[in-house]
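Trainee: My structure is stored as final_12.pdb, with PDB, C-alpha atoms and all ligand atoms.
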ATOM      1  CA  MET X 808      -2.452 -28.593  18.032
ATOM      2  CA  ALA X 809      -2.602 -27.301  21.619
ATOM      3  CA  GLU X 810      -2.042 -23.575  22.044
ATOM      4  CA  ALA X 811       1.561 -22.773  22.964
ATOM      5  CA  ASN X 812       2.489 -20.406  25.784
ATOM      6  CA  VAL X 813       3.573 -17.400  23.732
ATOM      7  CA  GLU X 814       5.343 -14.188  24.756
ATOM      8  CA  TYR X 815       5.602 -11.086  22.595
ATOM      9  CA  ARG X 816       8.314  -8.415  22.796
ATOM     10  CA  LEU X 817      10.231  -5.955  20.613
ATOM     11  CA  MET X 818      12.846  -7.464  18.269
ATOM     12  CA  THR X 819      16.536  -6.759  18.926
ATOM     13  CA  VAL X 820      19.595  -7.135  16.684
ATOM     14  CA  ASP X 821      20.536 -10.251  18.686
ATOM     15  CA  ASP X 822      17.261 -11.869  17.567
ATOM     16  CA  ILE X 823      18.080 -11.602  13.854
ATOM     17  CA  PRO X 824      19.631 -15.088  13.334
ATOM     18  CA  LEU X 825      16.584 -16.809  14.833
ATOM     19  CA  VAL X 826      14.197 -14.494  13.017
ATOM     20  CA  GLN X 827      15.946 -15.407   9.765
ATOM     21  CA  LEU X 828      15.295 -19.102  10.449
ATOM     22  CA  VAL X 829      11.568 -18.315  10.553
ATOM     23  CA  GLU X 830      11.851 -15.991   7.567
ATOM     24  CA  ARG X 831      13.478 -18.657   5.404
ATOM     25  CA  LYS X 832      10.709 -21.143   6.231
ATOM     26  CA  CYS X 833       8.001 -18.598   5.365
ATOM     27  CA  PHE X 834       9.195 -16.831   2.209
ATOM     28  CA  THR X 835      10.751 -17.853  -1.105
ATOM     29  CA  THR X 836      12.750 -14.589  -1.223
ATOM     30  CA  PRO X 837      13.659 -14.009   2.450
ATOM     31  CA  TRP X 838      15.092 -10.744   3.717
ATOM     32  CA  SER X 839      18.865 -10.634   4.227
ATOM     33  CA  ARG X 840      20.516  -9.964   7.577
ATOM     34  CA  SER X 841      21.487  -6.464   6.395
ATOM     35  CA  ILE X 842      17.851  -5.550   5.757
ATOM     36  CA  PHE X 843      16.909  -6.568   9.312
ATOM     37  CA  VAL X 844      19.911  -4.698  10.768
ATOM     38  CA  SER X 845      19.002  -1.600   8.807
ATOM     39  CA  GLU X 846      15.359  -1.795   9.877
ATOM     40  CA  LEU X 847      16.287  -2.155  13.562
ATOM     41  CA  THR X 848      19.136   0.351  13.764
ATOM     42  CA  ARG X 849      18.654   2.990  11.054
ATOM     43  CA  ASN X 850      14.905   3.266  10.445
ATOM     44  CA  ASP X 851      13.315   5.416  13.147
ATOM     45  CA  ASN X 852       9.877   4.778  11.634
ATOM     46  CA  ALA X 853      10.124   0.989  11.955
ATOM     47  CA  ILE X 854       8.863  -1.196  14.810
ATOM     48  CA  TYR X 855       9.464  -4.967  14.886
ATOM     49  CA  ALA X 856       8.108  -7.529  17.327
ATOM     50  CA  VAL X 857       8.852 -11.206  17.894
ATOM     51  CA  ALA X 858       6.806 -14.074  19.323
ATOM     52  CA  LEU X 859       8.613 -16.555  21.577
ATOM     53  CA  VAL X 860       7.793 -20.023  22.850
ATOM     54  CA  GLY X 861      10.360 -20.501  25.574
ATOM     55  CA  GLU X 862      13.671 -19.352  24.062
ATOM     56  CA  ARG X 863      12.558 -20.083  20.512
ATOM     57  CA  ILE X 864      11.502 -17.300  18.176
ATOM     58  CA  VAL X 865       8.451 -18.607  16.332
ATOM     59  CA  GLY X 866       7.262 -15.487  14.543
ATOM     60  CA  TYR X 867       7.860 -11.850  13.856
ATOM     61  CA  ALA X 868       6.111  -8.832  12.397
ATOM     62  CA  GLY X 869       7.005  -5.272  11.486
ATOM     63  CA  VAL X 870       5.364  -1.946  10.778
ATOM     64  CA  TRP X 871       6.499   1.433   9.468
ATOM     65  CA  ILE X 872       4.800   4.492  10.913
ATOM     66  CA  ILE X 873       4.237   6.965   8.083
ATOM     67  CA  LEU X 874       2.395  10.077   9.292
ATOM     68  CA  ASP X 875      -0.764   8.629  10.917
ATOM     69  CA  GLU X 876      -0.674   5.287   9.074
ATOM     70  CA  GLY X 877       0.902   1.998  10.037
ATOM     71  CA  HIS X 878       2.291   0.113   7.034
ATOM     72  CA  ILE X 879       2.829  -3.567   7.785
ATOM     73  CA  THR X 880       6.175  -4.557   6.246
ATOM     74  CA  ASN X 881       6.193  -8.286   6.947
ATOM     75  CA  ILE X 882       4.773 -11.002   9.151
ATOM     76  CA  GLY X 883       5.770 -14.626   9.407
ATOM     77  CA  VAL X 884       5.026 -17.494  11.770
ATOM     78  CA  ASP X 885       7.044 -20.733  11.781
ATOM     79  CA  PRO X 886       4.898 -23.311   9.930
ATOM     80  CA  SER X 887       5.070 -25.644  12.969
ATOM     81  CA  PHE X 888       3.373 -22.942  15.051
ATOM     82  CA  GLN X 889       0.784 -21.636  12.609
ATOM     83  CA  ARG X 890      -2.964 -21.670  13.370
ATOM     84  CA  GLN X 891      -2.358 -21.137  17.085
ATOM     85  CA  GLY X 892      -3.218 -17.419  17.186
ATOM     86  CA  ILE X 893       0.395 -16.229  16.992
ATOM     87  CA  GLY X 894      -0.047 -14.250  13.770
ATOM     88  CA  GLN X 895      -3.019 -12.518  15.332
ATOM     89  CA  GLY X 896      -1.043 -11.886  18.534
ATOM     90  CA  LEU X 897       1.795 -10.298  16.544
ATOM     91  CA  MET X 898      -0.629  -8.121  14.580
ATOM     92  CA  ASP X 899      -2.281  -6.978  17.828
ATOM     93  CA  MET X 900       1.097  -6.090  19.342
ATOM     94  CA  ILE X 901       2.385  -4.066  16.391
ATOM     95  CA  THR X 902      -0.996  -2.367  15.996
ATOM     96  CA  LYS X 903      -0.896  -1.321  19.646
ATOM     97  CA  LEU X 904       2.645   0.025  19.206
ATOM     98  CA  ALA X 905       1.629   1.839  16.000
ATOM     99  CA  VAL X 906      -1.324   3.470  17.779
ATOM    100  CA  GLU X 907       1.060   4.669  20.495
ATOM    101  CA  ARG X 908       3.038   6.364  17.709
ATOM    102  CA  GLY X 909      -0.081   8.049  16.299
ATOM    103  CA  ALA X 910      -1.460   5.591  13.742
ATOM    104  CA  VAL X 911      -5.207   5.763  13.099
ATOM    105  CA  ALA X 912      -5.216   3.217  10.241
ATOM    106  CA  MET X 913      -3.177   0.228   9.126
ATOM    107  CA  THR X 914      -2.388  -0.897   5.593
ATOM    108  CA  LEU X 915      -0.494  -3.692   3.863
ATOM    109  CA  GLU X 916       0.130  -5.467   0.589
ATOM    110  CA  VAL X 917      -0.429  -9.211   0.255
ATOM    111  CA  ARG X 918      -0.025 -11.581  -2.685
ATOM    112  CA  VAL X 919      -3.357 -12.130  -4.422
ATOM    113  CA  SER X 920      -2.727 -15.910  -4.058
ATOM    114  CA  ASN X 921      -1.946 -15.753  -0.297
ATOM    115  CA  PHE X 922      -5.339 -16.772   1.055
ATOM    116  CA  SER X 923      -4.155 -17.687   4.569
ATOM    117  CA  ALA X 924      -2.660 -14.233   5.176
ATOM    118  CA  GLN X 925      -5.735 -12.592   3.629
ATOM    119  CA  ALA X 926      -7.920 -14.652   5.991
ATOM    120  CA  LEU X 927      -5.924 -13.370   8.982
ATOM    121  CA  TYR X 928      -6.198  -9.750   7.835
ATOM    122  CA  THR X 929      -9.915 -10.080   7.069
ATOM    123  CA  LYS X 930     -10.511 -11.521  10.551
ATOM    124  CA  LEU X 931      -8.782  -8.428  11.972
ATOM    125  CA  GLY X 932     -10.997  -6.034   9.997
ATOM    126  CA  PHE X 933      -8.801  -5.254   6.993
ATOM    127  CA  VAL X 934     -10.711  -4.696   3.758
ATOM    128  CA  PRO X 935      -9.419  -4.805   0.148
ATOM    129  CA  ARG X 936      -8.893  -1.350  -1.364
ATOM    130  CA  GLY X 937      -7.094  -2.032  -4.641
ATOM    131  CA  ILE X 938      -4.458  -3.929  -6.576
ATOM    132  CA  ARG X 939      -0.804  -3.086  -7.220
ATOM    133  CA  LYS X 940      -0.022  -4.723 -10.552
ATOM    134  CA  GLU X 941       3.118  -6.913 -10.690
ATOM    135  CA  TYR X 942       4.159  -5.663  -7.224
ATOM    136  CA  TYR X 943       6.376  -8.663  -6.350
ATOM    137  CA  GLN X 944       9.700  -8.495  -8.155
ATOM    138  CA  ASP X 945      10.506 -12.221  -8.143
ATOM    139  CA  ASP X 946       7.483 -13.450 -10.097
ATOM    140  CA  LYS X 947       5.535 -10.244 -10.897
ATOM    141  CA  GLU X 948       2.499 -11.380  -8.915
ATOM    142  CA  ASP X 949      -0.083  -8.682  -8.169
ATOM    143  CA  ALA X 950      -0.567  -7.404  -4.626
ATOM    144  CA  LEU X 951      -3.892  -6.848  -2.957
ATOM    145  CA  ILE X 952      -3.850  -3.599  -0.949
ATOM    146  CA  MET X 953      -5.774  -3.880   2.325
ATOM    147  CA  TRP X 954      -6.686  -1.214   4.884
ATOM    148  CA  ARG X 955      -8.003  -1.236   8.406
ATOM    149  CA  GLU X 956      -9.353   1.903  10.050
ATOM    150  CA  LEU X 957      -8.603   1.732  13.769
ATOM    151  CA  GLY X 958     -11.762   2.479  15.716
ATOM    152  CA  GLU X 959     -12.207   4.130  19.076
ATOM    153  CA  GLU X 960     -11.344   0.913  20.872
ATOM    154  CA  TRP X 961      -7.779   1.475  19.667
ATOM    155  CA  THR X 962      -7.431   5.238  19.517
ATOM    156  CA  ASN X 963      -9.271   6.382  22.666
ATOM    157  CA  THR X 964      -7.921   4.014  25.261
ATOM    158  CA  GLY X 965      -4.374   5.345  25.379
ATOM    159  CA  ASN X 966      -3.212   1.827  24.602
TER     160      ASN X 966
HETATM  161  C1  LIG A1001      -0.195 -15.509   7.529
HETATM  162  C2  LIG A1001       0.427 -16.081   8.815
HETATM  163  C3  LIG A1001       1.358 -15.038   9.418
HETATM  164  C4  LIG A1001      -0.717 -16.389   9.795
HETATM  165  O1  LIG A1001      -0.116 -16.776  11.033
HETATM  166  P1  LIG A1001      -0.854 -17.765  12.047
HETATM  167  O2  LIG A1001      -0.122 -17.678  13.339
HETATM  168  O3  LIG A1001      -1.018 -19.101  11.441
HETATM  169  O4  LIG A1001      -2.286 -17.069  12.158
HETATM  170  P2  LIG A1001      -3.327 -17.219  13.393
HETATM  171  O5  LIG A1001      -3.224 -18.581  13.974
HETATM  172  O6  LIG A1001      -3.154 -16.055  14.292
HETATM  173  O7  LIG A1001      -4.698 -17.098  12.587
HETATM  174  C5  LIG A1001      -5.677 -16.159  12.956
HETATM  175  C6  LIG A1001      -6.830 -16.309  11.986
HETATM  176  O8  LIG A1001      -6.385 -16.039  10.640
HETATM  177  C7  LIG A1001      -7.073 -16.920   9.741
HETATM  178  N1  LIG A1001      -6.105 -17.850   9.151
HETATM  179  C8  LIG A1001      -4.780 -17.919   9.407
HETATM  180  N2  LIG A1001      -4.201 -18.881   8.646
HETATM  181  C9  LIG A1001      -5.198 -19.422   7.908
HETATM  182  C10 LIG A1001      -5.231 -20.466   6.926
HETATM  183  N3  LIG A1001      -4.115 -21.145   6.566
HETATM  184  N4  LIG A1001      -6.425 -20.766   6.357
HETATM  185  C11 LIG A1001      -7.530 -20.108   6.689
HETATM  186  N5  LIG A1001      -7.557 -19.101   7.624
HETATM  187  C12 LIG A1001      -6.412 -18.774   8.213
HETATM  188  C13 LIG A1001      -8.094 -17.672  10.579
HETATM  189  O9  LIG A1001      -9.276 -16.881  10.622
HETATM  190  C14 LIG A1001      -7.420 -17.690  11.941
HETATM  191  O10 LIG A1001      -8.316 -17.844  13.000
HETATM  192  P3  LIG A1001      -8.755 -19.354  13.441
HETATM  193  O11 LIG A1001      -7.500 -20.181  13.544
HETATM  194  O12 LIG A1001      -9.443 -19.115  14.759
HETATM  195  O13 LIG A1001      -9.657 -19.843  12.355
HETATM  196  C15 LIG A1001       1.162 -17.420   8.525
HETATM  197  O14 LIG A1001       0.322 -18.256   7.773
HETATM  198  C16 LIG A1001       2.480 -17.249   7.771
HETATM  199  O15 LIG A1001       3.518 -16.972   8.366
HETATM  200  N6  LIG A1001       2.439 -17.431   6.458
HETATM  201  C17 LIG A1001       3.671 -17.372   5.633
HETATM  202  C18 LIG A1001       4.205 -15.969   5.537
HETATM  203  C19 LIG A1001       3.188 -15.024   4.943
HETATM  204  O16 LIG A1001       2.488 -15.331   3.981
HETATM  205  N7  LIG A1001       3.111 -13.806   5.523
HETATM  206  C20 LIG A1001       2.215 -12.765   5.068
HETATM  207  C21 LIG A1001       2.884 -11.896   4.051
HETATM  208  S1  LIG A1001       1.791 -10.585   3.514
END
Show me the file's structure as structure tokens.
Ligand SMILES: CC(C)(COP(=O)(O)OP(=O)(O)OC[C@H]1O[C@@H](n2cnc3c(N)ncnc32)[C@H](O)[C@@H]1OP(=O)(O)O)[C@@H](O)C(=O)NCCC(=O)NCCS

Mentor:
Amino acid sequence: MAEANVEYRLMTVDDIPLVQLVERKCFTTPWSRSIFVSELTRNDNAIYAVALVGERIVGYAGVWIILDEGHITNIGVDPSFQRQGIGQGLMDMITKLAVERGAVAMTLEVRVSNFSAQALYTKLGFVPRGIRKEYYQDDKEDALIMWRELGEEWTNTGN
């Protein structure tokens, strides 16, 4: 599929209904509206970004800044827009924002069976660092823990 013209910006409360449309297509146990509202309005450590094609929200990603680490909370791209670089674009944006808030490394959990997400993270330099047994409450699947140390290209540029 041809690459779409994609814009990236911070998520707002007004975006939540469209973000939830993406969320429901991506996950079997999607986040509720109240979780998104709480993340955007009551969690000072959270940063969320959306990807837009025209007016349409086609993806989103979030990170919590905990001390000098960025913890990816979630990322999803509408299946109709996957494999066009949007997941990578979202990861780049939230990594840049995390670095601005002092992050020197990024970490995340991913289902051991989720090979497409693992492929994205591996491409970006994340490496496996362990397993959290039965991490996912719905089906008790294990999570792979991945880490990415952010090199000088991130931390010395002031980006
Ligand atoms: C994981 C996800 C966010 C990737 O989004 P995306 O926009 O399709 O990813 P990109 O197009 O930016 O892919 C970048 C690279 O990641 C890798 N990749 C992504 N999806 C892949 C797949 N299905 N198979 C193999 N490699 C894949 C490739 O290396 C790709 O580069 P390439 O297209 O040049 O080969 C998307 O598949 C998704 O929303 N999945 C459902 C929700 C989910 O599992 N989220 C992660 C929870 S931890």

Trainee: Go ahead and compute the interatomic distance for CA of Ser841 in chain X and CA of His878 in chain X, in Å to one decimal.

Mentor: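 CA of His878 in chain X lies 20.3 Å from CA of Ser841 in chain X.
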
Trainee: Please produce, as JSON lines, a per-residue contact table for chain X versus ligand LIG 1001 (chain A) (criterion: any atom at most 7 Å away, only C-alpha atoms and all ligand atoms considered), showing the nearest atom pair and its distance in Å to one decimal, sorted by chain then residue number.

Mentor:
{"residue": "X:Cys833", "atom": "CA", "partner": "A:LIG1001", "partner_atom": "C17", "distance": 4.5}
{"residue": "X:Phe834", "atom": "CA", "partner": "A:LIG1001", "partner_atom": "C18", "distance": 6.1}
{"residue": "X:Asn881", "atom": "CA", "partner": "A:LIG1001", "partner_atom": "C21", "distance": 5.7}
{"residue": "X:Ile882", "atom": "CA", "partner": "A:LIG1001", "partner_atom": "N7", "distance": 4.9}
{"residue": "X:Gly883", "atom": "CA", "partner": "A:LIG1001", "partner_atom": "O15", "distance": 3.4}
{"residue": "X:Val884", "atom": "CA", "partner": "A:LIG1001", "partner_atom": "O15", "distance": 3.8}
{"residue": "X:Asp885", "atom": "CA", "partner": "A:LIG1001", "partner_atom": "O15", "distance": 6.2}
{"residue": "X:Pro886", "atom": "CA", "partner": "A:LIG1001", "partner_atom": "O15", "distance": 6.7}
{"residue": "X:Phe888", "atom": "CA", "partner": "A:LIG1001", "partner_atom": "O2", "distance": 6.5}
{"residue": "X:Gln889", "atom": "CA", "partner": "A:LIG1001", "partner_atom": "O3", "distance": 3.3}
{"residue": "X:Arg890", "atom": "CA", "partner": "A:LIG1001", "partner_atom": "O5", "distance": 3.2}
{"residue": "X:Gln891", "atom": "CA", "partner": "A:LIG1001", "partner_atom": "O5", "distance": 4.1}
{"residue": "X:Gly892", "atom": "CA", "partner": "A:LIG1001", "partner_atom": "O6", "distance": 3.2}
{"residue": "X:Ile893", "atom": "CA", "partner": "A:LIG1001", "partner_atom": "O2", "distance": 4.0}
{"residue": "X:Gly894", "atom": "CA", "partner": "A:LIG1001", "partner_atom": "O2", "distance": 3.5}
{"residue": "X:Gln895", "atom": "CA", "partner": "A:LIG1001", "partner_atom": "O6", "distance": 3.7}
{"residue": "X:Gly896", "atom": "CA", "partner": "A:LIG1001", "partner_atom": "O6", "distance": 6.3}
{"residue": "X:Glu916", "atom": "CA", "partner": "A:LIG1001", "partner_atom": "S1", "distance": 6.1}
{"residue": "X:Val917", "atom": "CA", "partner": "A:LIG1001", "partner_atom": "S1", "distance": 4.2}
{"residue": "X:Arg918", "atom": "CA", "partner": "A:LIG1001", "partner_atom": "S1", "distance": 6.5}
{"residue": "X:Asn921", "atom": "CA", "partner": "A:LIG1001", "partner_atom": "O16", "distance": 6.2}
{"residue": "X:Phe922", "atom": "CA", "partner": "A:LIG1001", "partner_atom": "N4", "distance": 6.7}
{"residue": "X:Ser923", "atom": "CA", "partner": "A:LIG1001", "partner_atom": "C10", "distance": 3.8}
{"residue": "X:Ala924", "atom": "CA", "partner": "A:LIG1001", "partner_atom": "C1", "distance": 3.6}
{"residue": "X:Ala926", "atom": "CA", "partner": "A:LIG1001", "partner_atom": "C7", "distance": 4.5}
{"residue": "X:Leu927", "atom": "CA", "partner": "A:LIG1001", "partner_atom": "O8", "distance": 3.2}
{"residue": "X:Tyr928", "atom": "CA", "partner": "A:LIG1001", "partner_atom": "O8", "distance": 6.9}
{"residue": "X:Lys930", "atom": "CA", "partner": "A:LIG1001", "partner_atom": "O9", "distance": 5.5}

Trainee: Might you spell out which residues the PyMOL selection byres (((chain X and resi 875) around 10) and not hetatm) would select in the displayed file, as a PyMOL selection string?

Mentor: chain X and resi 872-874+876-878+905-906+908-913

Trainee: Counting all atoms listed in the file, find residues at most 7 Å from (16.7, -20.2, 17.0) (file frame) and give them as a VMD selection string.

Mentor: chain X and resid 824 to 825 828 863 to 864

Trainee: Translate the PyMOL selection byres (((chain X and resi 862) around 12) and not hetatm) into a concrete residue list for this structure, as a PyMOL selection string.

Mentor: chain X and resi 812-815+822+825+857-861+863-865

Trainee: Can you tell me how far CA of Val829 in chain X sits from CA of Arg936 in chain X, in Å to one decimal?

Mentor: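 If I compute the distance from CA of Val829 in chain X to CA of Arg936 in chain X, I get 29.1 Å.
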